[in-house]
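Participant: Handing you this structure, nothing more for now.
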Amino acid sequence: MEQLSSSEIISQYKSGRRDFSGIECTSMDFTNAVLNGIIFRKANLQFCTFNGCELKGADFTDSNLDWAGFKLANLTEARLVRAKCRYALFDDAIFDRADVSEADFSWSRMLNVNFNSANTKGASFVMAAFTLAEMSKDSLGRVAYEISKHKGEIPFELLMEIKFIASGTMDKIGALDMSRQPEGASAGYRANAGAGYQMGAEGTSAGYSSINPYQMSVRYRSARQYEK
């Protein structure tokens, strides 16, 4: 299997190459790259970030995209047929006329994503979160367990991002819990529910619900967000 870094793939793409089928490229950063029409069939792209990328017509058929980030990515007419997209982030991604048939989006986060014009036949969205209301405290333990299995594979920057997002997510869930409590009820969620979900990875905590904790929205946030 050919192994290339993200910079090598981007450079070769600019030189005219389009077919990167079967490539091995994990934990790499493609943020804001223009890769329209690129072919990643049967590629291993775990832990990669494609946040803010232009991926119109890209082909990820049978690829492994577990724990990848596609926040604000343009996947118009892209093919993710049978792709593994578990624990991935797709917030604000565009899937216009995309083919995601038989893809596995289990445990992924998809806030503000619309699949109305996409082919989703046979796709799995088990425990995927499309709204904040679909996140639950019960999911924290599951994510913590999955993270522990990948200890040593996760770049240090991603571990720091987990801590940042875990804190924000627990605040939101705690606020939702309080809004449902009778007047005068005690606010003990954050201290008690969060305390039992330690990952054992660089001291960070895994309070990230059913969402992919490997988001690079701080260090790798799309340039479009910084322009606001």
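The chains in the structure tokens are called A, B, ... from first to last as shown; in each chain the residues are counted from 1, and the ligands are counted from 1 in the order shown.
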With a distance cut-off of 8 Å and only C-alpha atoms, select the neighbouring residues of segment 57-66 of chain A, excluding the residue or stretch itself and same-chain residues fewer than 3 positions from it, and output the selection as a list in words.
Facilitator: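 Once the adjacent positions are removed, what remains is Leu35, Asn36, Gly37, Ile38, Ile39, Phe40, Arg41, Lys42, Ala43, Asn44, Leu45, Gln46, Phe47, Cys48, Leu75, Thr76, Glu77, Ala78, Arg79, Leu80, Val81, Arg82, Ala83, Lys84, Cys85, Arg86, Tyr87 and Ala88 of chain A.
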Participant: Restricted to N, CA and C atoms, what would the selected residues look like written as an mmCIF file, in the first residue's frame?
Facilitator:
data_model
loop_
_atom_site.group_PDB
_atom_site.id
_atom_site.type_symbol
_atom_site.label_atom_id
_atom_site.label_comp_id
_atom_site.auth_asym_id
_atom_site.auth_seq_id
_atom_site.Cartn_x
_atom_site.Cartn_y
_atom_site.Cartn_z
ATOM 1 N N LEU A 35 -9.511 19.805 -3.537
ATOM 2 C CA LEU A 35 -9.242 18.453 -4.027
ATOM 3 C C LEU A 35 -10.441 17.929 -4.818
ATOM 4 N N ASN A 36 -11.064 18.786 -5.587
ATOM 5 C CA ASN A 36 -12.222 18.381 -6.377
ATOM 6 C C ASN A 36 -11.862 17.232 -7.317
ATOM 7 N N GLY A 37 -12.715 16.207 -7.319
ATOM 8 C CA GLY A 37 -12.518 15.081 -8.229
ATOM 9 C C GLY A 37 -11.445 14.103 -7.813
ATOM 10 N N ILE A 38 -10.874 14.259 -6.640
ATOM 11 C CA ILE A 38 -9.830 13.331 -6.199
ATOM 12 C C ILE A 38 -10.418 11.948 -5.949
ATOM 13 N N ILE A 39 -9.624 10.919 -6.171
ATOM 14 C CA ILE A 39 -10.090 9.538 -6.013
ATOM 15 C C ILE A 39 -9.338 8.894 -4.855
ATOM 16 N N PHE A 40 -10.077 8.543 -3.819
ATOM 17 C CA PHE A 40 -9.518 7.898 -2.635
ATOM 18 C C PHE A 40 -10.185 6.542 -2.419
ATOM 19 N N ARG A 41 -10.444 5.807 -3.461
ATOM 20 C CA ARG A 41 -11.102 4.512 -3.321
ATOM 21 C C ARG A 41 -10.226 3.552 -2.516
ATOM 22 N N LYS A 42 -10.849 2.880 -1.536
ATOM 23 C CA LYS A 42 -10.173 1.896 -0.688
ATOM 24 C C LYS A 42 -8.947 2.482 0.008
ATOM 25 N N ALA A 43 -8.993 3.765 0.325
ATOM 26 C CA ALA A 43 -7.882 4.423 1.019
ATOM 27 C C ALA A 43 -8.084 4.369 2.525
ATOM 28 N N ASN A 44 -6.984 4.404 3.267
ATOM 29 C CA ASN A 44 -7.044 4.478 4.721
ATOM 30 C C ASN A 44 -6.745 5.911 5.129
ATOM 31 N N LEU A 45 -7.780 6.622 5.554
ATOM 32 C CA LEU A 45 -7.661 8.041 5.885
ATOM 33 C C LEU A 45 -8.142 8.307 7.316
ATOM 34 N N GLN A 46 -7.949 7.349 8.191
ATOM 35 C CA GLN A 46 -8.370 7.509 9.577
ATOM 36 C C GLN A 46 -7.669 8.704 10.234
ATOM 37 N N PHE A 47 -8.393 9.412 11.075
ATOM 38 C CA PHE A 47 -7.884 10.526 11.865
ATOM 39 C C PHE A 47 -7.474 11.743 11.023
ATOM 40 N N CYS A 48 -7.752 11.743 9.742
ATOM 41 C CA CYS A 48 -7.398 12.887 8.898
ATOM 42 C C CYS A 48 -8.446 13.993 9.041
ATOM 43 N N LEU A 75 -18.870 18.450 -0.151
ATOM 44 C CA LEU A 75 -18.892 17.089 -0.700
ATOM 45 C C LEU A 75 -19.984 16.941 -1.757
ATOM 46 N N THR A 76 -20.250 17.995 -2.477
ATOM 47 C CA THR A 76 -21.249 17.955 -3.545
ATOM 48 C C THR A 76 -20.880 16.880 -4.563
ATOM 49 N N GLU A 77 -21.833 15.985 -4.827
ATOM 50 C CA GLU A 77 -21.681 14.896 -5.802
ATOM 51 C C GLU A 77 -20.516 13.965 -5.478
ATOM 52 N N ALA A 78 -20.064 13.966 -4.230
ATOM 53 C CA ALA A 78 -19.005 13.044 -3.822
ATOM 54 C C ALA A 78 -19.580 11.647 -3.629
ATOM 55 N N ARG A 79 -18.711 10.652 -3.661
ATOM 56 C CA ARG A 79 -19.114 9.260 -3.459
ATOM 57 C C ARG A 79 -18.433 8.717 -2.196
ATOM 58 N N LEU A 80 -19.265 8.334 -1.232
ATOM 59 C CA LEU A 80 -18.762 7.702 -0.018
ATOM 60 C C LEU A 80 -19.409 6.325 0.124
ATOM 61 N N VAL A 81 -19.574 5.655 -0.979
ATOM 62 C CA VAL A 81 -20.239 4.356 -1.004
ATOM 63 C C VAL A 81 -19.464 3.350 -0.149
ATOM 64 N N ARG A 82 -20.169 2.743 0.806
ATOM 65 C CA ARG A 82 -19.598 1.732 1.717
ATOM 66 C C ARG A 82 -18.423 2.267 2.534
ATOM 67 N N ALA A 83 -18.268 3.562 2.621
ATOM 68 C CA ALA A 83 -17.169 4.128 3.403
ATOM 69 C C ALA A 83 -17.431 3.977 4.896
ATOM 70 N N LYS A 84 -16.373 3.782 5.670
ATOM 71 C CA LYS A 84 -16.467 3.754 7.128
ATOM 72 C C LYS A 84 -16.254 5.182 7.627
ATOM 73 N N CYS A 85 -17.283 5.760 8.205
ATOM 74 C CA CYS A 85 -17.228 7.154 8.667
ATOM 75 C C CYS A 85 -17.650 7.234 10.132
ATOM 76 N N ARG A 86 -17.227 6.284 10.926
ATOM 77 C CA ARG A 86 -17.640 6.232 12.324
ATOM 78 C C ARG A 86 -16.850 7.236 13.166
ATOM 79 N N TYR A 87 -17.530 7.830 14.140
ATOM 80 C CA TYR A 87 -16.927 8.814 15.038
ATOM 81 C C TYR A 87 -16.316 9.983 14.260
ATOM 82 N N ALA A 88 -16.912 10.339 13.164
ATOM 83 C CA ALA A 88 -16.396 11.426 12.329
ATOM 84 C C ALA A 88 -17.220 12.699 12.517
#
Participant: Quick one: DSSP strand (DSSP E or B) residues in segment 70-141 of chain A, as a PyMOL selection string?
Facilitator: chain A and resi 74+79+84+89+94+99+104+109+119+124+129
Participant: Keeping C-alpha atoms, export the residues of the selection given above as a PDB file, in the first residue's frame.
Facilitator:
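Final file, result-v7.pdb:
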ATOM      1  CA  ASN A  74     -18.005  20.677   0.250  1.00  0.00           C
ATOM      2  CA  ARG A  79     -19.114   9.260  -3.459  1.00  0.00           C
ATOM      3  CA  LYS A  84     -16.467   3.754   7.128  1.00  0.00           C
ATOM      4  CA  LEU A  89     -17.342  15.101  12.222  1.00  0.00           C
ATOM      5  CA  ILE A  94     -22.491  19.918   2.015  1.00  0.00           C
ATOM      6  CA  ASP A  99     -23.852   9.077  -2.941  1.00  0.00           C
ATOM      7  CA  ASP A 104     -21.450   3.741   8.047  1.00  0.00           C
ATOM      8  CA  ARG A 109     -21.758  14.326  14.481  1.00  0.00           C
ATOM      9  CA  ASN A 119     -28.467   8.795  -2.059  1.00  0.00           C
ATOM     10  CA  SER A 124     -26.178   3.533   8.774  1.00  0.00           C
ATOM     11  CA  ALA A 129     -26.094  13.268  16.200  1.00  0.00           C
TER      12      ALA A 129
END
Participant: One decimal, Å: what's the distance from atom CA of Asn32 of chain A over to atom CA of Lys121 of chain A, could you say?
Facilitator: 29.1 Å
Participant: Expressed in Å to a single decimal, how great is the separation between atom CA of Phe115 of chain A and atom CA of Cys53 of chain A?
Facilitator: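 Separating atom CA of Phe115 of chain A from atom CA of Cys53 of chain A is a distance of 18.4 Å.
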Participant: Give me, please, the distance in Å between atom CA of Trp67 of chain A and atom CA of Gln3 of chain A, quoted to one decimal.
Facilitator: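 Taking atom CA of Trp67 of chain A and atom CA of Gln3 of chain A, their separation equals 18.9 Å.
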Participant: Residues at most 9 Å from Glu2 of chain A, counting only C-alpha atoms, excluding those fewer than 4 positions away in the same chain, as a VMD selection string?
Facilitator: chain A and resid 20 22 to 25
Participant: Output the selection as a compact mmCIF listing (two decimals), in the first residue's frame - N, CA and C atoms for each residue.
Facilitator:
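The file below, again00.txt, is the result:
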# COMPACT_ATOMS: atom_id res chain seq x y z
N PHE A 20 -5.70 8.36 -6.14
CA PHE A 20 -4.91 7.96 -4.97
C PHE A 20 -5.56 6.75 -4.31
N GLY A 22 -6.30 3.29 -2.69
CA GLY A 22 -5.49 2.40 -1.88
C GLY A 22 -4.41 3.08 -1.06
N ILE A 23 -4.43 4.40 -1.00
CA ILE A 23 -3.38 5.13 -0.30
C ILE A 23 -3.48 4.92 1.20
N GLU A 24 -2.36 4.95 1.88
CA GLU A 24 -2.30 4.91 3.34
C GLU A 24 -1.87 6.29 3.81
N CYS A 25 -2.80 6.99 4.45
CA CYS A 25 -2.53 8.36 4.88
C CYS A 25 -3.38 8.62 6.11
